[in-house]
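The next block holds one structure in the form of structure tokens; read it before the comments.
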Amino acid sequence: MTFQELQIGDYFRVSGISAECVYRKASISHCSQNTLLQPIRPSTKVIVLTPTEVTNYFATKQEYLKSLVK
């Protein structure tokens, strides 16, 4: 699948990039990672995350943030 085929709001990974790097489609030409907008080519190959993967991503992120407070 390519970036342009995603719906705005979809979470995805970029093929060949670390599995920890999760992005969200913010517009037809930008994605976001940790609220920072980044330009991206429409033809970039992406892997769409399933709802379970999105849930696990946020749970892991929240646990990490909690560990910083302790």
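Each chain in the structure tokens gets a letter, A, B, ..., in the order shown, and its residues are numbered from 1; ligands are numbered from 1 in order too.
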
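Residues of chain A assigned to helix (DSSP H, G or I) by DSSP on this structure's backbone: Phe3, Gln4, Glu5, Pro51, Thr52, Glu53, Val54, Thr55, Asn56, Tyr57, Phe58, Ala59, Thr60, Lys61, Gln62, Glu63, Tyr64, Leu65, Lys66, Ser67, Leu68 and Val69 of chain A.
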
(message) With only C-alpha atoms as the counted atoms, please give the residues lying no more than 7 Å from region 4-14 of chain A, apart from itself and same-chain residues fewer than 5 positions off, as a ChimeraX atom specification.
(response) /A:19,21-28,42-43,45-49

Keeping N, CA, C and O atoms, export the residues of the selection given above as a tab-separated table (two decimals), in the first residue's frame.
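Below you can see part31.tsv, which holds the result:
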chain	number	residue	atom	x	y	z
A	19	ALA	N	10.14	-0.84	13.59
A	19	ALA	CA	8.75	-1.09	13.98
A	19	ALA	C	8.27	-0.14	15.07
A	19	ALA	O	7.07	0.06	15.23
A	21	CYS	N	8.67	3.04	15.04
A	21	CYS	CA	8.32	4.31	14.41
A	21	CYS	C	6.92	4.22	13.81
A	21	CYS	O	6.73	3.65	12.75
A	22	VAL	N	5.97	4.79	14.52
A	22	VAL	CA	4.58	4.78	14.08
A	22	VAL	C	4.20	6.20	13.67
A	22	VAL	O	4.52	7.16	14.36
A	23	TYR	N	3.54	6.30	12.54
A	23	TYR	CA	3.12	7.58	12.00
A	23	TYR	C	1.60	7.61	11.85
A	23	TYR	O	0.96	6.57	11.84
A	24	ARG	N	1.08	8.82	11.68
A	24	ARG	CA	-0.35	8.99	11.43
A	24	ARG	C	-0.50	9.91	10.24
A	24	ARG	O	0.20	10.92	10.14
A	25	LYS	N	-1.39	9.58	9.31
A	25	LYS	CA	-1.60	10.44	8.15
A	25	LYS	C	-2.34	11.67	8.61
A	25	LYS	O	-3.45	11.60	9.14
A	26	ALA	N	-1.72	12.84	8.40
A	26	ALA	CA	-2.30	14.10	8.85
A	26	ALA	C	-2.97	14.88	7.71
A	26	ALA	O	-3.90	15.63	7.94
A	27	SER	N	-2.47	14.70	6.49
A	27	SER	CA	-3.04	15.36	5.31
A	27	SER	C	-2.61	14.59	4.08
A	27	SER	O	-1.95	13.55	4.19
A	28	ILE	N	-2.93	15.11	2.90
A	28	ILE	CA	-2.57	14.38	1.68
A	28	ILE	C	-1.07	14.38	1.42
A	28	ILE	O	-0.59	13.59	0.63
A	42	PRO	N	3.72	10.73	-1.80
A	42	PRO	CA	2.50	9.92	-1.95
A	42	PRO	C	2.79	8.46	-2.30
A	42	PRO	O	2.03	7.57	-1.93
A	43	SER	N	3.91	8.21	-2.98
A	43	SER	CA	4.22	6.85	-3.42
A	43	SER	C	4.99	6.02	-2.39
A	43	SER	O	5.32	4.87	-2.65
A	45	LYS	N	5.88	3.48	0.28
A	45	LYS	CA	5.26	2.21	0.68
A	45	LYS	C	5.06	2.22	2.19
A	45	LYS	O	5.99	2.53	2.95
A	46	VAL	N	3.85	1.88	2.64
A	46	VAL	CA	3.52	1.89	4.06
A	46	VAL	C	2.84	0.59	4.46
A	46	VAL	O	2.32	-0.13	3.61
A	47	ILE	N	2.83	0.34	5.76
A	47	ILE	CA	2.15	-0.81	6.34
A	47	ILE	C	1.12	-0.26	7.32
A	47	ILE	O	1.48	0.37	8.31
A	48	VAL	N	-0.15	-0.49	7.02
A	48	VAL	CA	-1.23	0.02	7.87
A	48	VAL	C	-1.27	-0.79	9.16
A	48	VAL	O	-1.16	-2.02	9.13
A	49	LEU	N	-1.44	-0.11	10.30
A	49	LEU	CA	-1.56	-0.80	11.57
A	49	LEU	C	-3.01	-1.24	11.79
A	49	LEU	O	-3.94	-0.51	11.46

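Going from CA of Glu63 (chain A) to CA of His30 (chain A) covers 27.5 Å.
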
(request) Tell me which of A:Cys31, A:Ile17, A:Leu37, A:Thr44 sits closest to Phe3 (chain A), counting only C-alpha atoms. (result)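 Ranking A:Cys31, A:Ile17, A:Leu37, A:Thr44 by distance to Phe3 (chain A), first place goes to A:Thr44.
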
According to DSSP computed on the backbone, where in chain A is there strand (DSSP E or B)? Give the residues as a PDB file with all heavy atoms, in the first residue's frame.
ATOM      1  N   THR A   2       0.404   2.333  -0.566  1.00  0.00           N
ATOM      2  CA  THR A   2       1.173   3.577  -0.578  1.00  0.00           C
ATOM      3  C   THR A   2       0.517   4.601   0.346  1.00  0.00           C
ATOM      4  O   THR A   2      -0.656   4.471   0.712  1.00  0.00           O
ATOM      5  CB  THR A   2       1.252   4.166  -1.998  1.00  0.00           C
ATOM      6  OG1 THR A   2      -0.069   4.501  -2.431  1.00  0.00           O
ATOM      7  CG2 THR A   2       1.919   3.214  -2.967  1.00  0.00           C
ATOM      8  N   TYR A  11      -3.082   5.084  11.109  1.00  0.00           N
ATOM      9  CA  TYR A  11      -1.751   4.874  11.678  1.00  0.00           C
ATOM     10  C   TYR A  11      -1.012   3.862  10.815  1.00  0.00           C
ATOM     11  O   TYR A  11      -1.612   2.904  10.332  1.00  0.00           O
ATOM     12  CB  TYR A  11      -1.846   4.355  13.111  1.00  0.00           C
ATOM     13  CG  TYR A  11      -2.285   5.433  14.084  1.00  0.00           C
ATOM     14  CD1 TYR A  11      -3.631   5.666  14.316  1.00  0.00           C
ATOM     15  CD2 TYR A  11      -1.348   6.216  14.737  1.00  0.00           C
ATOM     16  CE1 TYR A  11      -4.038   6.663  15.184  1.00  0.00           C
ATOM     17  CE2 TYR A  11      -1.741   7.217  15.614  1.00  0.00           C
ATOM     18  CZ  TYR A  11      -3.088   7.428  15.828  1.00  0.00           C
ATOM     19  OH  TYR A  11      -3.484   8.421  16.679  1.00  0.00           O
ATOM     20  N   PHE A  12       0.287   4.088  10.624  1.00  0.00           N
ATOM     21  CA  PHE A  12       1.051   3.221   9.741  1.00  0.00           C
ATOM     22  C   PHE A  12       2.532   3.232  10.101  1.00  0.00           C
ATOM     23  O   PHE A  12       2.994   4.057  10.888  1.00  0.00           O
ATOM     24  CB  PHE A  12       0.876   3.666   8.279  1.00  0.00           C
ATOM     25  CG  PHE A  12       1.430   5.036   7.985  1.00  0.00           C
ATOM     26  CD1 PHE A  12       2.714   5.191   7.482  1.00  0.00           C
ATOM     27  CD2 PHE A  12       0.678   6.178   8.215  1.00  0.00           C
ATOM     28  CE1 PHE A  12       3.235   6.450   7.211  1.00  0.00           C
ATOM     29  CE2 PHE A  12       1.187   7.441   7.955  1.00  0.00           C
ATOM     30  CZ  PHE A  12       2.459   7.572   7.445  1.00  0.00           C
ATOM     31  N   ARG A  13       3.238   2.287   9.512  1.00  0.00           N
ATOM     32  CA  ARG A  13       4.697   2.239   9.570  1.00  0.00           C
ATOM     33  C   ARG A  13       5.200   2.397   8.148  1.00  0.00           C
ATOM     34  O   ARG A  13       4.513   2.041   7.194  1.00  0.00           O
ATOM     35  CB  ARG A  13       5.172   0.899  10.106  1.00  0.00           C
ATOM     36  CG  ARG A  13       4.847   0.677  11.549  1.00  0.00           C
ATOM     37  CD  ARG A  13       5.522  -0.607  12.044  1.00  0.00           C
ATOM     38  NE  ARG A  13       5.167  -0.838  13.418  1.00  0.00           N
ATOM     39  CZ  ARG A  13       4.286  -1.724  13.825  1.00  0.00           C
ATOM     40  NH1 ARG A  13       3.686  -2.515  12.963  1.00  0.00           N
ATOM     41  NH2 ARG A  13       3.995  -1.855  15.095  1.00  0.00           N
ATOM     42  N   VAL A  14       6.414   2.888   8.006  1.00  0.00           N
ATOM     43  CA  VAL A  14       7.032   2.992   6.690  1.00  0.00           C
ATOM     44  C   VAL A  14       7.851   1.725   6.477  1.00  0.00           C
ATOM     45  O   VAL A  14       8.615   1.317   7.355  1.00  0.00           O
ATOM     46  CB  VAL A  14       7.924   4.252   6.595  1.00  0.00           C
ATOM     47  CG1 VAL A  14       8.639   4.308   5.259  1.00  0.00           C
ATOM     48  CG2 VAL A  14       7.092   5.509   6.825  1.00  0.00           C
ATOM     49  N   TYR A  23       3.541   6.298  12.542  1.00  0.00           N
ATOM     50  CA  TYR A  23       3.124   7.583  12.000  1.00  0.00           C
ATOM     51  C   TYR A  23       1.604   7.607  11.849  1.00  0.00           C
ATOM     52  O   TYR A  23       0.959   6.573  11.839  1.00  0.00           O
ATOM     53  CB  TYR A  23       3.744   7.818  10.614  1.00  0.00           C
ATOM     54  CG  TYR A  23       5.245   7.812  10.622  1.00  0.00           C
ATOM     55  CD1 TYR A  23       5.947   6.630  10.461  1.00  0.00           C
ATOM     56  CD2 TYR A  23       5.962   8.986  10.785  1.00  0.00           C
ATOM     57  CE1 TYR A  23       7.338   6.612  10.466  1.00  0.00           C
ATOM     58  CE2 TYR A  23       7.350   8.985  10.786  1.00  0.00           C
ATOM     59  CZ  TYR A  23       8.027   7.796  10.627  1.00  0.00           C
ATOM     60  OH  TYR A  23       9.397   7.775  10.635  1.00  0.00           O
ATOM     61  N   ARG A  24       1.080   8.815  11.676  1.00  0.00           N
ATOM     62  CA  ARG A  24      -0.350   8.990  11.434  1.00  0.00           C
ATOM     63  C   ARG A  24      -0.503   9.908  10.238  1.00  0.00           C
ATOM     64  O   ARG A  24       0.205  10.922  10.137  1.00  0.00           O
ATOM     65  CB  ARG A  24      -1.002   9.629  12.658  1.00  0.00           C
ATOM     66  CG  ARG A  24      -2.495   9.795  12.553  1.00  0.00           C
ATOM     67  CD  ARG A  24      -3.042  10.315  13.892  1.00  0.00           C
ATOM     68  NE  ARG A  24      -4.470  10.396  13.857  1.00  0.00           N
ATOM     69  CZ  ARG A  24      -5.145  11.528  13.703  1.00  0.00           C
ATOM     70  NH1 ARG A  24      -4.500  12.669  13.574  1.00  0.00           N
ATOM     71  NH2 ARG A  24      -6.449  11.517  13.675  1.00  0.00           N
ATOM     72  N   LYS A  25      -1.385   9.577   9.314  1.00  0.00           N
ATOM     73  CA  LYS A  25      -1.604  10.436   8.152  1.00  0.00           C
ATOM     74  C   LYS A  25      -2.344  11.675   8.606  1.00  0.00           C
ATOM     75  O   LYS A  25      -3.451  11.600   9.140  1.00  0.00           O
ATOM     76  CB  LYS A  25      -2.394   9.709   7.065  1.00  0.00           C
ATOM     77  CG  LYS A  25      -2.544  10.547   5.802  1.00  0.00           C
ATOM     78  CD  LYS A  25      -3.097   9.769   4.649  1.00  0.00           C
ATOM     79  CE  LYS A  25      -3.170  10.648   3.401  1.00  0.00           C
ATOM     80  NZ  LYS A  25      -3.556   9.882   2.224  1.00  0.00           N
ATOM     81  N   HIS A  30       1.356  15.105   4.302  1.00  0.00           N
ATOM     82  CA  HIS A  30       2.109  15.095   5.561  1.00  0.00           C
ATOM     83  C   HIS A  30       1.642  13.982   6.488  1.00  0.00           C
ATOM     84  O   HIS A  30       0.469  13.607   6.494  1.00  0.00           O
ATOM     85  CB  HIS A  30       1.967  16.429   6.292  1.00  0.00           C
ATOM     86  CG  HIS A  30       2.725  17.532   5.652  1.00  0.00           C
ATOM     87  ND1 HIS A  30       2.270  18.189   4.539  1.00  0.00           N
ATOM     88  CD2 HIS A  30       3.923  18.088   5.958  1.00  0.00           C
ATOM     89  CE1 HIS A  30       3.150  19.117   4.196  1.00  0.00           C
ATOM     90  NE2 HIS A  30       4.158  19.069   5.040  1.00  0.00           N
ATOM     91  N   CYS A  31       2.587  13.511   7.277  1.00  0.00           N
ATOM     92  CA  CYS A  31       2.267  12.569   8.341  1.00  0.00           C
ATOM     93  C   CYS A  31       2.778  13.175   9.636  1.00  0.00           C
ATOM     94  O   CYS A  31       3.521  14.157   9.624  1.00  0.00           O
ATOM     95  CB  CYS A  31       2.905  11.207   8.075  1.00  0.00           C
ATOM     96  SG  CYS A  31       4.703  11.219   8.019  1.00  0.00           S
ATOM     97  N   SER A  32       2.369  12.602  10.746  1.00  0.00           N
ATOM     98  CA  SER A  32       2.847  13.109  12.028  1.00  0.00           C
ATOM     99  C   SER A  32       3.415  11.966  12.852  1.00  0.00           C
ATOM    100  O   SER A  32       2.984  10.820  12.748  1.00  0.00           O
ATOM    101  CB  SER A  32       1.725  13.800  12.803  1.00  0.00           C
ATOM    102  OG  SER A  32       0.719  12.888  13.139  1.00  0.00           O
ATOM    103  N   GLN A  33       4.420  12.317  13.622  1.00  0.00           N
ATOM    104  CA  GLN A  33       5.008  11.394  14.590  1.00  0.00           C
ATOM    105  C   GLN A  33       5.250  12.218  15.838  1.00  0.00           C
ATOM    106  O   GLN A  33       5.994  13.198  15.797  1.00  0.00           O
ATOM    107  CB  GLN A  33       6.313  10.806  14.071  1.00  0.00           C
ATOM    108  CG  GLN A  33       6.904   9.806  15.043  1.00  0.00           C
ATOM    109  CD  GLN A  33       8.245   9.276  14.570  1.00  0.00           C
ATOM    110  OE1 GLN A  33       9.010   9.980  13.940  1.00  0.00           O
ATOM    111  NE2 GLN A  33       8.523   8.035  14.896  1.00  0.00           N
ATOM    112  N   LEU A  36       4.654  16.030  15.500  1.00  0.00           N
ATOM    113  CA  LEU A  36       5.470  16.789  14.559  1.00  0.00           C
ATOM    114  C   LEU A  36       5.099  16.402  13.132  1.00  0.00           C
ATOM    115  O   LEU A  36       5.142  15.225  12.776  1.00  0.00           O
ATOM    116  CB  LEU A  36       6.959  16.508  14.794  1.00  0.00           C
ATOM    117  CG  LEU A  36       7.508  16.887  16.169  1.00  0.00           C
ATOM    118  CD1 LEU A  36       8.949  16.411  16.302  1.00  0.00           C
ATOM    119  CD2 LEU A  36       7.415  18.382  16.382  1.00  0.00           C
ATOM    120  N   LEU A  37       4.738  17.396  12.315  1.00  0.00           N
ATOM    121  CA  LEU A  37       4.384  17.125  10.930  1.00  0.00           C
ATOM    122  C   LEU A  37       5.643  16.926  10.092  1.00  0.00           C
ATOM    123  O   LEU A  37       6.630  17.638  10.259  1.00  0.00           O
ATOM    124  CB  LEU A  37       3.574  18.269  10.342  1.00  0.00           C
ATOM    125  CG  LEU A  37       2.140  18.389  10.826  1.00  0.00           C
ATOM    126  CD1 LEU A  37       1.482  19.608  10.198  1.00  0.00           C
ATOM    127  CD2 LEU A  37       1.347  17.144  10.508  1.00  0.00           C
ATOM    128  N   GLN A  38       5.574  15.953   9.201  1.00  0.00           N
ATOM    129  CA  GLN A  38       6.681  15.657   8.303  1.00  0.00           C
ATOM    130  C   GLN A  38       6.129  15.445   6.907  1.00  0.00           C
ATOM    131  O   GLN A  38       5.124  14.753   6.737  1.00  0.00           O
ATOM    132  CB  GLN A  38       7.398  14.383   8.748  1.00  0.00           C
ATOM    133  CG  GLN A  38       7.963  14.458  10.139  1.00  0.00           C
ATOM    134  CD  GLN A  38       8.585  13.130  10.553  1.00  0.00           C
ATOM    135  OE1 GLN A  38       8.895  12.291   9.732  1.00  0.00           O
ATOM    136  NE2 GLN A  38       8.753  12.950  11.841  1.00  0.00           N
ATOM    137  N   PRO A  39       6.786  16.019   5.894  1.00  0.00           N
ATOM    138  CA  PRO A  39       6.325  15.757   4.530  1.00  0.00           C
ATOM    139  C   PRO A  39       6.633  14.318   4.155  1.00  0.00           C
ATOM    140  O   PRO A  39       7.579  13.713   4.663  1.00  0.00           O
ATOM    141  CB  PRO A  39       7.143  16.739   3.681  1.00  0.00           C
ATOM    142  CG  PRO A  39       8.351  17.047   4.502  1.00  0.00           C
ATOM    143  CD  PRO A  39       7.938  16.907   5.933  1.00  0.00           C
ATOM    144  N   LYS A  45       5.881   3.476   0.281  1.00  0.00           N
ATOM    145  CA  LYS A  45       5.263   2.210   0.685  1.00  0.00           C
ATOM    146  C   LYS A  45       5.059   2.221   2.194  1.00  0.00           C
ATOM    147  O   LYS A  45       5.988   2.529   2.951  1.00  0.00           O
ATOM    148  CB  LYS A  45       6.137   1.018   0.292  1.00  0.00           C
ATOM    149  CG  LYS A  45       6.354   0.887  -1.190  1.00  0.00           C
ATOM    150  CD  LYS A  45       5.114   0.390  -1.877  1.00  0.00           C
ATOM    151  CE  LYS A  45       5.409   0.191  -3.355  1.00  0.00           C
ATOM    152  NZ  LYS A  45       4.216  -0.052  -4.112  1.00  0.00           N
ATOM    153  N   VAL A  46       3.854   1.883   2.636  1.00  0.00           N
ATOM    154  CA  VAL A  46       3.522   1.892   4.061  1.00  0.00           C
ATOM    155  C   VAL A  46       2.842   0.591   4.455  1.00  0.00           C
ATOM    156  O   VAL A  46       2.318  -0.133   3.614  1.00  0.00           O
ATOM    157  CB  VAL A  46       2.615   3.087   4.425  1.00  0.00           C
ATOM    158  CG1 VAL A  46       3.306   4.399   4.137  1.00  0.00           C
ATOM    159  CG2 VAL A  46       1.284   3.007   3.718  1.00  0.00           C
ATOM    160  N   ILE A  47       2.830   0.343   5.758  1.00  0.00           N
ATOM    161  CA  ILE A  47       2.151  -0.813   6.336  1.00  0.00           C
ATOM    162  C   ILE A  47       1.119  -0.264   7.318  1.00  0.00           C
ATOM    163  O   ILE A  47       1.477   0.372   8.314  1.00  0.00           O
ATOM    164  CB  ILE A  47       3.148  -1.730   7.071  1.00  0.00           C
ATOM    165  CG1 ILE A  47       4.240  -2.191   6.113  1.00  0.00           C
ATOM    166  CG2 ILE A  47       2.430  -2.904   7.716  1.00  0.00           C
ATOM    167  CD1 ILE A  47       5.459  -2.752   6.794  1.00  0.00           C
ATOM    168  N   VAL A  48      -0.147  -0.486   7.020  1.00  0.00           N
ATOM    169  CA  VAL A  48      -1.225   0.022   7.874  1.00  0.00           C
ATOM    170  C   VAL A  48      -1.272  -0.792   9.160  1.00  0.00           C
ATOM    171  O   VAL A  48      -1.156  -2.017   9.129  1.00  0.00           O
ATOM    172  CB  VAL A  48      -2.585  -0.069   7.154  1.00  0.00           C
ATOM    173  CG1 VAL A  48      -3.696   0.463   8.040  1.00  0.00           C
ATOM    174  CG2 VAL A  48      -2.544   0.691   5.853  1.00  0.00           C
TER     175      VAL A  48
END

(request) One decimal, Å: what's the distance from CA of Lys61 (chain A) over to CA of Gly16 (chain A), could you say? (result)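 Straight-line distance from CA of Lys61 (chain A) to CA of Gly16 (chain A) works out to 21.1 Å.
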